[in-house]
Amino acid sequence: MKFIINREEILLPLQQIVSVIEKRQTMPILSNVLMVITEDQLILTGTDLEIQIIAKISIATATPGSITVPARKFLDICRLLPSGAEIKFELQDDKVKITSNRSRFSLSCLPADNYPEFAESELENHLFINAGKFKKGLDKTIFCMANQDVRYYLNGLLFNVSNSKLKLVASDGHRLSIYEDSLDQATGFEARIILPRKGVLELSRLLDDPEAELKVEFSSNNIRISIKNLIFSAKLVDSKYPDFGKVFQQDFFNQIHIQKQILKEALTRVAILSNEKFKGVTFDITPDSMKISTHNPEHDEAEEELAIEYTGEPLTIAFNAQYLLDAVSNLDSELAVLTIASNASSCFIDEPNDCGYKFIVMPMRL
């Protein structure tokens, strides 16, 4: 097995693959990247058995074969070679020889036959979606996912397809984000699956070309997404996402309209003196004004008063400042609209014009 490749052709696919490979592995071979050469293609594969990325690179002069090499070492070698360098790769016995100009490296490798196969069930559903649209949906929801929650269905993202409608939902139990959009082609099916947290983060990194078209295939256990010359696969979270529809079926106070930037800056300043652990801030809302205040165990206090558009009865409610900041920062318009439930169980944050996403933050007791 041998081939010659330009550094620029192999570097990006290798970086994309290495990101899924865990540093500490129970099986040594999982620290390696699988390299297979067919007649005119170099196929690179990396996996942690939950997520897998395959990259295909066209190649001109090559001798077919397959081997696995230490992923991070191989990446570092390619990364530190000069720009535009030509890399010669050759398998000799149980070692891989890598040469480029005056640089020579010899890497120990493991046979490709021992590389574990990524188990995938029959993928019965498929749809096409624009990468820019999907990336926007991920960006608007990803920050609400839970991390290592015992309710493991929250450690991921709900991917809900209903014929020609796509809905992405993420929640950590204290806040929730919903993103809805239309698909260009009707799918003719309804499905709800939960993508795992690590897979969602990797996927978001891979979607770097907003013009690309993605082919999404999935079953109840697996998802596979084809992105140009990459194939991303992941095992799904085996659980049912809770029904969040009830949160919309309640009475609300009148909407509060406020300039996004002014609210963001005020929250950031007040949060400096909030309790470091809980980040709680109190909102005292009256017609035309909103007072944001906080205090901490060291008896420090902060207060800001903002002008708002609101007609309704006065109310007092407290929130985690960071949760509000995350939501407000993800709005695209200059104006933020806050709608508080009349039983003070939740606050909706969205835009004045009908946009495809909204954020919900639960209040806290201070």
# chains A, B, ... in the order shown; residues from 1 in each chain; ligands from 1
>>> residues_around(residues="Phe283 in chain A", least_positions_apart="2", cutoff="8 Å", atoms="only C-alpha atoms", output="JSON, numbers by chain")
{"A": [281, 285, 290, 291, 292, 293, 316, 317, 318, 319]}
>>> write_last_selection(atoms="N, CA and C atoms", output="short mmCIF file (atom, residue, chain, number, x, y, z; two decimals), in the first residue's frame")
data_model
loop_
_atom_site.label_atom_id
_atom_site.label_comp_id
_atom_site.auth_asym_id
_atom_site.auth_seq_id
_atom_site.Cartn_x
_atom_site.Cartn_y
_atom_site.Cartn_z
N VAL A 281 -31.12 36.80 38.99
CA VAL A 281 -31.44 38.24 38.96
C VAL A 281 -32.96 38.39 39.04
N ILE A 285 -41.25 44.44 37.04
CA ILE A 285 -41.79 45.00 35.79
C ILE A 285 -43.05 45.81 36.08
N MET A 290 -38.53 48.51 33.58
CA MET A 290 -38.12 47.19 34.09
C MET A 290 -36.88 47.40 34.96
N LYS A 291 -36.98 46.94 36.22
CA LYS A 291 -35.83 47.07 37.11
C LYS A 291 -35.20 45.68 37.26
N ILE A 292 -33.91 45.57 36.95
CA ILE A 292 -33.19 44.29 37.11
C ILE A 292 -32.25 44.47 38.30
N SER A 293 -32.36 43.58 39.30
CA SER A 293 -31.51 43.73 40.49
C SER A 293 -30.99 42.37 40.95
N THR A 316 -43.28 40.68 39.48
CA THR A 316 -41.88 40.45 39.91
C THR A 316 -41.56 38.98 39.66
N ILE A 317 -40.40 38.74 39.05
CA ILE A 317 -40.02 37.36 38.70
C ILE A 317 -38.49 37.30 38.64
N ALA A 318 -37.91 36.14 38.94
CA ALA A 318 -36.44 36.00 38.94
C ALA A 318 -35.99 34.93 37.95
N PHE A 319 -34.83 35.16 37.35
CA PHE A 319 -34.28 34.21 36.36
C PHE A 319 -32.78 34.02 36.57
#
>>> select_by_dssp(residues="range 240-329 of chain A", states="alpha helix (DSSP H)", output="ChimeraX atom specification")
/A:260-271,321-329
>>> write_last_selection(atoms="C-alpha atoms", output="compact mmCIF listing (two decimals), in the first residue's frame")
# COMPACT_ATOMS: atom_id res chain seq x y z
CA LYS A 260 -32.07 43.53 22.65
CA GLN A 261 -28.69 45.25 23.04
CA ILE A 262 -29.80 47.37 26.03
CA LEU A 263 -31.19 44.28 27.82
CA LYS A 264 -28.04 42.28 27.04
CA GLU A 265 -25.67 44.94 28.38
CA ALA A 266 -27.76 45.54 31.52
CA LEU A 267 -27.98 41.79 32.28
CA THR A 268 -24.22 41.39 31.79
CA ARG A 269 -23.48 44.25 34.23
CA VAL A 270 -25.97 43.16 36.90
CA ALA A 271 -24.84 39.50 36.68
CA ALA A 321 -29.05 35.69 34.12
CA GLN A 322 -26.88 33.41 31.97
CA TYR A 323 -29.91 31.55 30.57
CA LEU A 324 -31.54 34.85 29.60
CA LEU A 325 -28.29 36.13 28.05
CA ASP A 326 -27.89 32.95 25.97
CA ALA A 327 -31.44 33.31 24.65
CA VAL A 328 -31.29 37.06 23.96
CA SER A 329 -27.88 36.75 22.23
>>> residues_around(residues="Thr68 in chain A", least_positions_apart="3", cutoff="9 Å", atoms="only C-alpha atoms", output="ChimeraX atom specification")
/A:29,32-36,71,109-112,115
>>> select_by_dssp(residues="range 36-267 of chain A", states="strand (DSSP E or B)", output="ChimeraX atom specification")
/A:36-37,41-47,51-58,62-63,65-70,86-92,95-100,103-108,110,125-130,156-162,165-171,175-182,190-196,213-218,222-227,230-235,252,256-259
>>> atom_distance(atom1="CA of Asn353 in chain A", atom2="CA of Asp172 in chain A")
26.7 Å
>>> closest_residue(among="A:Ile256, A:Met1, A:Leu30, A:Leu81", to="Glu117 in chain A", atoms="only C-alpha atoms")
A:Leu30
>>> atom_distance(atom1="CA of Pro287 in chain A", atom2="CA of Leu335 in chain A")
17.3 Å
>>> residues_around(residues="Cys144 in chain A", least_positions_apart="6", cutoff="7 Å", atoms="only C-alpha atoms", output="number ranges by chain")
A: 170-172, 175-177
>>> closest_residue(among="A:Ile87, A:Ala55, A:Cys355, A:Ile193", to="Asp238 in chain A", atoms="only C-alpha atoms")
A:Ile193
>>> closest_residue(among="A:Leu236, A:Ile51, A:Ile5, A:Ile37", to="Tyr152 in chain A", atoms="only C-alpha atoms")
A:Leu236
